[in-house]
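Source file: entry.txt. Holds: compact mmCIF, C-alpha atoms.
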# COMPACT_ATOMS: atom_id res chain seq x y z
CA MET A 1 -14.27 -17.58 13.96
CA ILE A 2 -11.91 -15.88 11.50
CA LYS A 3 -13.56 -16.15 8.08
CA LEU A 4 -11.49 -13.50 6.30
CA LEU A 5 -7.84 -12.51 6.60
CA ALA A 6 -6.85 -9.06 5.36
CA THR A 7 -3.08 -8.67 5.08
CA ASP A 8 -0.77 -5.86 4.10
CA LEU A 9 2.10 -6.72 1.73
CA ASP A 10 5.39 -4.81 2.12
CA GLY A 11 6.80 -5.31 5.58
CA THR A 12 4.05 -7.84 6.34
CA LEU A 13 3.24 -10.70 3.95
CA PHE A 14 6.47 -9.89 2.08
CA TYR A 15 8.51 -10.04 5.30
CA PRO A 16 11.14 -11.37 5.24
CA LYS A 17 11.76 -10.45 1.61
CA ARG A 18 12.14 -13.20 -0.97
CA ARG A 19 12.78 -11.30 -4.21
CA ILE A 20 12.68 -14.41 -6.39
CA LYS A 21 9.85 -16.49 -4.94
CA GLY A 22 7.96 -13.60 -3.35
CA LEU A 23 6.64 -15.28 -0.22
CA SER A 24 8.45 -17.15 2.49
CA THR A 25 7.66 -20.88 2.45
CA LYS A 26 5.80 -20.69 5.77
CA ASN A 27 3.64 -17.76 4.67
CA ARG A 28 2.88 -19.42 1.33
CA ASP A 29 1.92 -22.75 2.91
CA PHE A 30 -0.21 -21.04 5.56
CA LEU A 31 -2.19 -19.12 2.93
CA ARG A 32 -2.65 -22.23 0.79
CA GLU A 33 -4.13 -24.16 3.70
CA TYR A 34 -6.18 -21.20 4.88
CA THR A 35 -7.87 -20.72 1.48
CA LYS A 36 -8.32 -24.48 0.96
CA LYS A 37 -10.52 -24.49 4.05
CA GLY A 38 -12.86 -22.08 2.31
CA HIS A 39 -11.74 -18.94 4.12
CA SER A 40 -11.37 -15.62 2.30
CA LEU A 41 -8.10 -13.79 1.72
CA VAL A 42 -7.83 -10.15 0.69
CA LEU A 43 -4.61 -8.23 0.17
CA VAL A 44 -4.85 -4.72 1.62
CA SER A 45 -1.92 -2.67 0.41
CA GLY A 46 -0.61 0.69 -0.65
CA ARG A 47 0.55 -1.01 -3.85
CA ASN A 48 -1.30 -0.99 -7.13
CA ILE A 49 -3.27 -4.13 -8.00
CA ASN A 50 -0.77 -5.70 -10.45
CA VAL A 51 0.89 -7.87 -7.81
CA CYS A 52 -2.44 -9.56 -7.02
CA HIS A 53 -2.15 -12.02 -9.90
CA ARG A 54 1.36 -13.08 -8.89
CA ILE A 55 0.26 -13.95 -5.37
CA SER A 56 -2.78 -15.78 -6.70
CA LYS A 57 -0.46 -18.07 -8.69
CA LYS A 58 1.73 -18.68 -5.65
CA ILE A 59 -1.07 -19.93 -3.43
CA GLY A 60 -3.11 -21.58 -6.18
CA SER A 61 -6.41 -19.79 -5.68
CA PRO A 62 -8.07 -16.49 -6.67
CA VAL A 63 -7.06 -13.54 -4.50
CA SER A 64 -8.91 -10.30 -3.94
CA MET A 65 -7.08 -7.04 -3.34
CA ILE A 66 -7.72 -3.61 -1.93
CA GLY A 67 -5.00 -1.53 -3.57
CA CYS A 68 -3.62 1.99 -3.24
CA ASN A 69 -4.81 2.12 0.38
CA GLY A 70 -8.44 1.55 -0.55
CA SER A 71 -8.65 3.55 -3.78
CA VAL A 72 -9.20 0.49 -5.98
CA ILE A 73 -10.75 -2.91 -5.20
CA TYR A 74 -10.34 -6.18 -7.09
CA LYS A 75 -12.56 -9.11 -6.13
CA ASP A 76 -11.37 -12.55 -7.26
CA ASN A 77 -9.02 -10.92 -9.80
CA GLU A 78 -11.79 -8.82 -11.34
CA PHE A 79 -12.40 -5.07 -11.05
CA PHE A 80 -14.96 -4.31 -8.34
CA ASP A 81 -14.82 -0.64 -7.33
CA ASP A 82 -12.56 2.41 -7.25
CA ASN A 83 -12.32 5.91 -5.77
CA PRO A 84 -9.88 8.01 -7.83
CA MET A 85 -8.56 11.42 -6.84
CA ASN A 86 -9.65 14.69 -8.46
CA HIS A 87 -7.22 15.88 -11.17
CA ASP A 88 -7.61 19.57 -10.34
CA ASP A 89 -6.94 18.92 -6.65
CA ILE A 90 -3.75 17.04 -7.55
CA LYS A 91 -2.55 19.78 -9.93
CA GLU A 92 -3.11 22.52 -7.37
CA PHE A 93 -1.44 20.55 -4.60
CA TYR A 94 1.54 19.46 -6.70
CA GLU A 95 2.27 22.96 -8.00
CA ALA A 96 2.30 24.29 -4.43
CA ASN A 97 4.30 21.44 -2.88
CA LYS A 98 6.56 19.98 -5.57
CA TYR A 99 9.65 21.26 -3.72
CA ALA A 100 8.32 20.86 -0.19
CA ASP A 101 10.96 20.56 2.54
CA ASN A 102 12.92 17.29 2.54
CA VAL A 103 10.93 15.65 -0.29
CA VAL A 104 13.30 13.86 -2.69
CA ALA A 105 10.68 12.49 -5.12
CA TRP A 106 6.97 12.18 -5.81
CA VAL A 107 5.21 8.97 -6.79
CA PHE A 108 1.84 8.64 -8.52
CA MET A 109 -0.24 5.49 -9.06
CA SER A 110 -3.01 5.18 -11.63
CA ASP A 111 -4.81 2.91 -14.06
CA ARG A 112 -2.50 4.16 -16.85
CA TYR A 113 0.83 3.71 -15.10
CA PRO A 114 1.26 1.45 -12.08
CA LEU A 115 3.97 3.81 -10.84
CA ILE A 116 5.29 7.21 -11.97
CA LEU A 117 8.33 8.53 -10.11
CA VAL A 118 9.17 12.23 -10.37
CA PRO A 119 12.56 13.05 -8.82
CA VAL A 120 12.94 16.54 -7.34
CA ARG A 121 16.08 16.24 -5.21
CA LEU A 122 17.87 13.23 -6.69
CA ASN A 123 21.09 13.75 -8.58
CA PRO A 124 21.57 11.83 -11.87
CA LEU A 125 23.71 9.14 -10.24
CA THR A 126 21.14 8.54 -7.50
CA GLN A 127 18.38 8.38 -10.10
CA ILE A 128 20.24 5.59 -11.86
CA GLY A 129 20.57 3.79 -8.53
CA VAL A 130 16.83 4.11 -7.86
CA LYS A 131 15.98 2.74 -11.30
CA LEU A 132 18.28 -0.24 -10.78
CA TYR A 133 16.81 -0.86 -7.33
CA LEU A 134 13.27 -0.86 -8.71
CA TYR A 135 14.20 -3.05 -11.66
CA PHE A 136 15.90 -5.72 -9.55
CA GLN A 137 12.97 -6.19 -7.19
CA PHE A 138 12.02 -9.22 -9.35
CA PHE A 139 8.78 -10.66 -7.83
CA TYR A 140 8.00 -7.35 -6.15
CA ARG A 141 8.72 -5.19 -9.19
CA ASP A 142 6.00 -2.91 -10.51
CA LYS A 143 6.10 -1.38 -13.97
CA PHE A 144 7.40 2.15 -13.59
CA VAL A 145 8.26 5.26 -15.59
CA PHE A 146 10.50 8.17 -14.62
CA GLY A 147 10.01 11.89 -15.13
CA GLU A 148 7.50 14.71 -14.94
CA LYS A 149 6.47 14.41 -18.61
CA HIS A 150 4.62 11.20 -17.74
CA LEU A 151 2.88 12.90 -14.82
CA GLN A 152 1.75 15.84 -16.95
CA LYS A 153 0.46 13.46 -19.61
CA LEU A 154 -1.48 11.63 -16.92
CA LEU A 155 -2.93 14.83 -15.45
CA ASN A 156 -4.03 16.01 -18.90
CA ASP A 157 -5.86 12.74 -19.56
CA LYS A 158 -9.33 13.39 -18.17
CA ASP A 159 -10.22 9.70 -18.35
CA ALA A 160 -7.20 8.57 -16.32
CA ARG A 161 -7.92 7.26 -12.83
CA ILE A 162 -5.30 8.55 -10.38
CA TYR A 163 -5.46 6.57 -7.16
CA LYS A 164 -2.62 7.76 -4.96
CA MET A 165 0.30 10.17 -4.70
CA MET A 166 3.26 9.91 -2.36
CA ALA A 167 5.92 12.24 -1.03
CA MET A 168 9.16 10.28 -0.66
CA TYR A 169 11.81 11.25 1.89
CA GLY A 170 14.67 8.82 1.23
CA VAL A 171 15.85 5.73 3.10
CA GLY A 172 16.65 5.05 6.75
CA GLN A 173 15.40 5.60 10.28
CA LYS A 174 15.99 9.38 10.18
CA LYS A 175 13.89 9.64 7.04
CA ILE A 176 11.10 7.65 8.71
CA GLU A 177 11.00 10.19 11.52
CA THR A 178 11.14 13.08 9.04
CA ALA A 179 8.17 11.69 7.13
CA ARG A 180 6.23 11.21 10.37
CA LEU A 181 6.75 14.83 11.40
CA GLU A 182 5.98 16.19 7.93
CA THR A 183 2.74 14.18 7.87
CA GLU A 184 1.40 16.34 10.68
CA LYS A 185 2.18 19.52 8.71
CA PHE A 186 0.47 18.27 5.56
CA PHE A 187 -2.53 17.12 7.57
CA ASP A 188 -2.95 20.55 9.14
CA ALA A 189 -2.83 22.20 5.71
CA TYR A 190 -4.67 19.67 3.53
CA GLY A 191 -6.47 17.29 5.88
CA THR A 192 -9.89 18.48 4.74
CA LYS A 193 -9.10 17.79 1.07
CA PHE A 194 -7.08 14.55 1.15
CA GLU A 195 -6.81 11.39 3.20
CA ILE A 196 -3.21 11.69 4.46
CA LEU A 197 -1.28 8.79 6.00
CA TRP A 198 2.27 8.26 7.20
CA SER A 199 3.95 5.18 5.71
CA ARG A 200 7.54 4.82 6.96
CA GLU A 201 9.73 6.99 4.69
CA ALA A 202 6.74 8.33 2.76
CA ILE A 203 3.51 10.29 3.10
CA GLU A 204 0.53 8.98 1.14
CA PHE A 205 -2.35 11.06 -0.22
CA MET A 206 -5.70 9.65 -1.38
CA LYS A 207 -9.17 11.00 -1.98
CA LYS A 208 -10.69 12.20 1.29
CA GLY A 209 -12.36 9.35 3.14
CA VAL A 210 -10.41 6.65 1.29
CA ASN A 211 -8.37 4.30 3.46
CA LYS A 212 -7.86 0.58 3.96
CA ALA A 213 -10.46 0.26 6.71
CA ASN A 214 -13.31 1.94 4.84
CA ALA A 215 -12.62 -0.12 1.71
CA LEU A 216 -12.43 -3.36 3.70
CA LYS A 217 -15.76 -2.61 5.39
CA LYS A 218 -17.35 -2.13 1.97
CA PHE A 219 -15.75 -5.38 0.80
CA ILE A 220 -16.92 -7.55 3.70
CA ASN A 221 -20.40 -6.05 3.49
CA VAL A 222 -20.68 -7.50 -0.02
CA LEU A 223 -19.48 -10.87 1.27
CA LYS A 224 -21.85 -10.61 4.26
CA ILE A 225 -19.01 -11.22 6.72
CA LYS A 226 -19.16 -9.65 10.17
CA GLU A 227 -16.33 -7.41 11.39
CA ASP A 228 -15.70 -9.77 14.31
CA ASP A 229 -14.95 -12.55 11.80
CA VAL A 230 -12.16 -10.53 10.15
CA ALA A 231 -8.47 -10.49 11.09
CA VAL A 232 -6.24 -7.66 9.88
CA VAL A 233 -2.44 -7.55 9.87
CA GLY A 234 0.00 -4.80 8.90
CA ASP A 235 3.13 -2.91 9.84
CA SER A 236 2.82 0.73 8.81
CA GLY A 237 0.96 3.96 9.44
CA ASN A 238 -1.47 3.28 6.61
CA ASP A 239 -2.56 0.15 8.51
CA VAL A 240 -3.59 2.10 11.62
CA PRO A 241 -7.17 2.67 10.33
CA LEU A 242 -7.47 -1.13 10.10
CA PHE A 243 -6.24 -1.59 13.67
CA GLU A 244 -8.65 1.04 14.94
CA SER A 245 -11.64 -0.43 13.09
CA PHE A 246 -11.24 -4.20 13.55
CA SER A 247 -10.87 -5.90 16.92
CA ASN A 248 -8.83 -8.84 15.59
CA SER A 249 -5.77 -6.74 14.78
CA PHE A 250 -2.21 -8.03 14.37
CA VAL A 251 0.92 -5.94 13.94
CA MET A 252 4.34 -7.06 12.78
CA SER A 253 7.16 -6.96 15.32
CA ASN A 254 9.26 -4.98 12.81
CA ALA A 255 6.75 -2.10 12.81
CA PRO A 256 7.49 1.35 14.30
CA GLU A 257 6.52 1.68 17.96
CA GLU A 258 3.80 4.24 17.16
CA VAL A 259 2.14 1.64 14.93
CA LYS A 260 2.59 -1.29 17.33
CA ASN A 261 0.67 0.59 19.99
CA LYS A 262 -2.44 0.69 17.80
CA ALA A 263 -2.88 -3.07 17.32
CA LYS A 264 -4.05 -5.75 19.73
CA THR A 265 -1.52 -8.53 19.06
CA GLN A 266 2.10 -8.49 17.92
CA ILE A 267 3.45 -11.26 15.65
CA LYS A 268 6.75 -11.93 13.90
CA SER A 269 5.27 -13.21 10.63
CA VAL A 270 1.89 -13.64 8.94
CA TYR A 271 1.85 -17.43 9.32
CA CYS A 272 1.84 -16.96 13.12
CA ILE A 273 -1.82 -15.92 12.87
CA GLN A 274 -2.57 -19.63 12.48
CA ASP A 275 -2.07 -20.06 16.24
CA TYR A 276 -4.82 -17.53 16.96
CA ILE A 277 -7.20 -18.85 14.32
CA ASP A 278 -6.95 -22.31 15.84
Can you turn what I pasted into structure tokens?
Amino acid sequence: MIKLLATDLDGTLFYPKRRIKGLSTKNRDFLREYTKKGHSLVLVSGRNINVCHRISKKIGSPVSMIGCNGSVIYKDNEFFDDNPMNHDDIKEFYEANKYADNVVAWVFMSDRYPLILVPVRLNPLTQIGVKLYLYFQFFYRDKFVFGEKHLQKLLNDKDARIYKMMAMYGVGQKKIETARLETEKFFDAYGTKFEILWSREAIEFMKKGVNKANALKKFINVLKIKEDDVAVVGDSGNDVPLFESFSNSFVMSNAPEEVKNKAKTQIKSVYCIQDYID
């Protein structure tokens, strides 16, 4: 019996996108009914935890979240656990790789700033376009700041909790393939220091050993739920650890082929899991 559903957000629960209301009607109604029956729902995402409260309001019940690919955990909208990255490791890595091949920007997530974007190969006009794009995400929008001064301030704050950094490669299918290939290079060079995952047009870096699967195992252990009673669903490379760790694995039909091959069942939308639960 599926007692807990762990779902990714972008490309998964947020697919298809509904920038104003956030969730499609079918996904929203499915989650409302699922939680009303006493089942547990946990969001497992590369995003920071801010969006958790918005989804909780949509479905009318408390929602737990594993954010930044497992670096921070909220249980029933309250802080539960975190695994931040080491500041010195980030500084050393960033200085050596700021202008790495094909990287157009770096993103950092922390407890101070939900999102810091540092452009390295974006002209001023493109930077304006990126800011407008982020601003007009409406329901999906995270608070963000632009520029390296914010990053340096964050790195110099010893009490700041830095959860994730990302190398961004642009937009489009070619950029997805570029990021996938570059992930292998970064893993060969830094795989012993960081947890490194491919996520469409980006590469994500967390503290070594931190990923969605390990965080979810810790979470269900507290709830005393067996792994066989958990269903996981996602669409990206950072969801692969979930697919490899949990037998009830679902992948979105819009996912890259390399990701689809890792999961047990393919679905077109999150609400379709209802057929398998029943």
CA of Asn97 (chain A) to CA of Glu177 (chain A), distance in Å rounded to a single decimal: 19.5 Å
What does the structure give for the distance between CA of Lys212 (chain A) and CA of Arg28 (chain A), in Å to one decimal?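 If I compute the distance from CA of Lys212 (chain A) to CA of Arg28 (chain A), I get 22.9 Å.
Among the candidate residues A:Gly170, A:Phe144, A:Glu78, A:Leu197, the one lying nearest to Val120 (chain A) is A:Gly170, with distances computed using only C-alpha atoms.
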Got a sec: who's within 9 Å of region 147-157 of chain A, counting only C-alpha atoms, leaving out chain neighbours fewer than 6 positions off, as JSON, numbers by chain? {"A": [87, 88, 90, 91, 108, 110, 112, 113, 116, 117, 118, 119]}
Under the rule that only C-alpha atoms are counted, which of A:Asp111, A:Met166, A:Ile59, A:Leu41 is the nearest residue to Lys98 (chain A)? A:Met166
Using only C-alpha atoms for the distances, tell me which of A:Thr12, A:Asn214, A:Thr7, A:Thr192 is nearest to Ser253 (chain A).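 Smallest separation from Ser253 (chain A) among the options: A:Thr12.
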Name the residues in contact with Ala231 (chain A) at a cut-off of 7 Å, using only C-alpha atoms, excluding same-chain residues fewer than 4 positions from it; report them as a VMD selection string. chain A and resid 2 4 to 6 248 to 249
Can you work out the spacing between CA of Gln274 (chain A) and CA of Ser40 (chain A) in Å, to one decimal?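 One can read the CA of Gln274 (chain A) to CA of Ser40 (chain A) distance as 14.0 Å.
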Select all residues near (15.0, 14.0, -3.9) (cut-off 7 Å, inclusive, file coordinates), counting all atoms listed in the file, and output them as number ranges by chain. A: 103-105, 119-122
Check the smallest atom-to-atom distance from each of A:Lys17, A:Tyr94, A:Ser64, A:Arg141 to Phe80 (chain A) using only C-alpha atoms, then report the winner. A:Ser64
Counting only C-alpha atoms, which residues sit no farther than 10 Å from the position (1.0, -17.7, 7.4) in the file's frame? I'd like them as a PyMOL selection string. chain A and resi 13+23-34+269-275
Which residue of A:Tyr276, A:Asp228, A:Tyr140, A:His53 approaches Phe14 (chain A) most closely, using only C-alpha atoms: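 For Phe14 (chain A), the nearest of the candidates is A:Tyr140.
The closest residue to Ser45 (chain A), picked from A:Tyr74, A:Tyr133, A:Phe250, A:Tyr190 and counting only C-alpha atoms, is A:Tyr74.
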Where is the centre and how long are the edges: axis-aligned box on region 253-256 of chain A, 5 Å on each side, Å to one decimal, as JSON:
{"center_x": 8.0, "center_y": -2.8, "center_z": 14.1, "size_x": 12.5, "size_y": 18.3, "size_z": 12.5}
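Omitting Asn102 (chain A) and its sequence neighbours fewer than 3 positions away, and counting only C-alpha atoms, the residues within 9 Å are Tyr99, Arg121, Met168, Tyr169, Gly170, Lys175, Thr178, Ala179 and Glu182 of chain A.
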Give me the residues near region 255-257 of chain A as a list in words, where near means some atom within 10 Å (using only C-alpha atoms) and where sequence neighbours in that chain fewer than 6 positions away do not count. Gly11, Thr12, Gln173, Ile176, Glu177, Arg200, Gly234, Asp235, Ser236, Gly237, Gln266 and Lys268 of chain A
Could you add the missing atoms to region 68-81 of chain A, up to N, CA and C atoms, and return them as a compact mmCIF listing (two decimals), in the coordinates of the input?
# COMPACT_ATOMS: atom_id res chain seq x y z
N CYS A 68 -3.80 0.54 -3.39
CA CYS A 68 -3.62 1.99 -3.24
C CYS A 68 -4.35 2.51 -2.01
N ASN A 69 -4.22 1.75 -0.92
CA ASN A 69 -4.81 2.12 0.38
C ASN A 69 -6.32 2.29 0.34
N GLY A 70 -6.99 1.51 -0.51
CA GLY A 70 -8.44 1.55 -0.55
C GLY A 70 -9.02 2.26 -1.75
N SER A 71 -8.16 2.80 -2.62
CA SER A 71 -8.65 3.55 -3.78
C SER A 71 -9.18 2.66 -4.89
N VAL A 72 -8.73 1.41 -4.94
CA VAL A 72 -9.20 0.49 -5.98
C VAL A 72 -9.38 -0.90 -5.36
N ILE A 73 -10.45 -1.60 -5.75
CA ILE A 73 -10.75 -2.91 -5.20
C ILE A 73 -10.91 -3.92 -6.32
N TYR A 74 -10.18 -5.03 -6.20
CA TYR A 74 -10.34 -6.18 -7.09
C TYR A 74 -10.92 -7.33 -6.27
N LYS A 75 -11.96 -7.97 -6.80
CA LYS A 75 -12.56 -9.11 -6.13
C LYS A 75 -12.39 -10.34 -7.02
N ASP A 76 -11.66 -11.33 -6.50
CA ASP A 76 -11.37 -12.55 -7.26
C ASP A 76 -10.75 -12.22 -8.62
N ASN A 77 -9.77 -11.30 -8.60
CA ASN A 77 -9.02 -10.92 -9.80
C ASN A 77 -9.86 -10.19 -10.84
N GLU A 78 -10.97 -9.61 -10.43
CA GLU A 78 -11.79 -8.82 -11.34
C GLU A 78 -12.08 -7.46 -10.71
N PHE A 79 -12.14 -6.42 -11.55
CA PHE A 79 -12.40 -5.07 -11.05
C PHE A 79 -13.74 -5.03 -10.32
N PHE A 80 -13.75 -4.38 -9.16
CA PHE A 80 -14.96 -4.31 -8.34
C PHE A 80 -15.39 -2.87 -8.09
N ASP A 81 -14.45 -2.02 -7.67
CA ASP A 81 -14.82 -0.64 -7.33
C ASP A 81 -13.55 0.20 -7.27
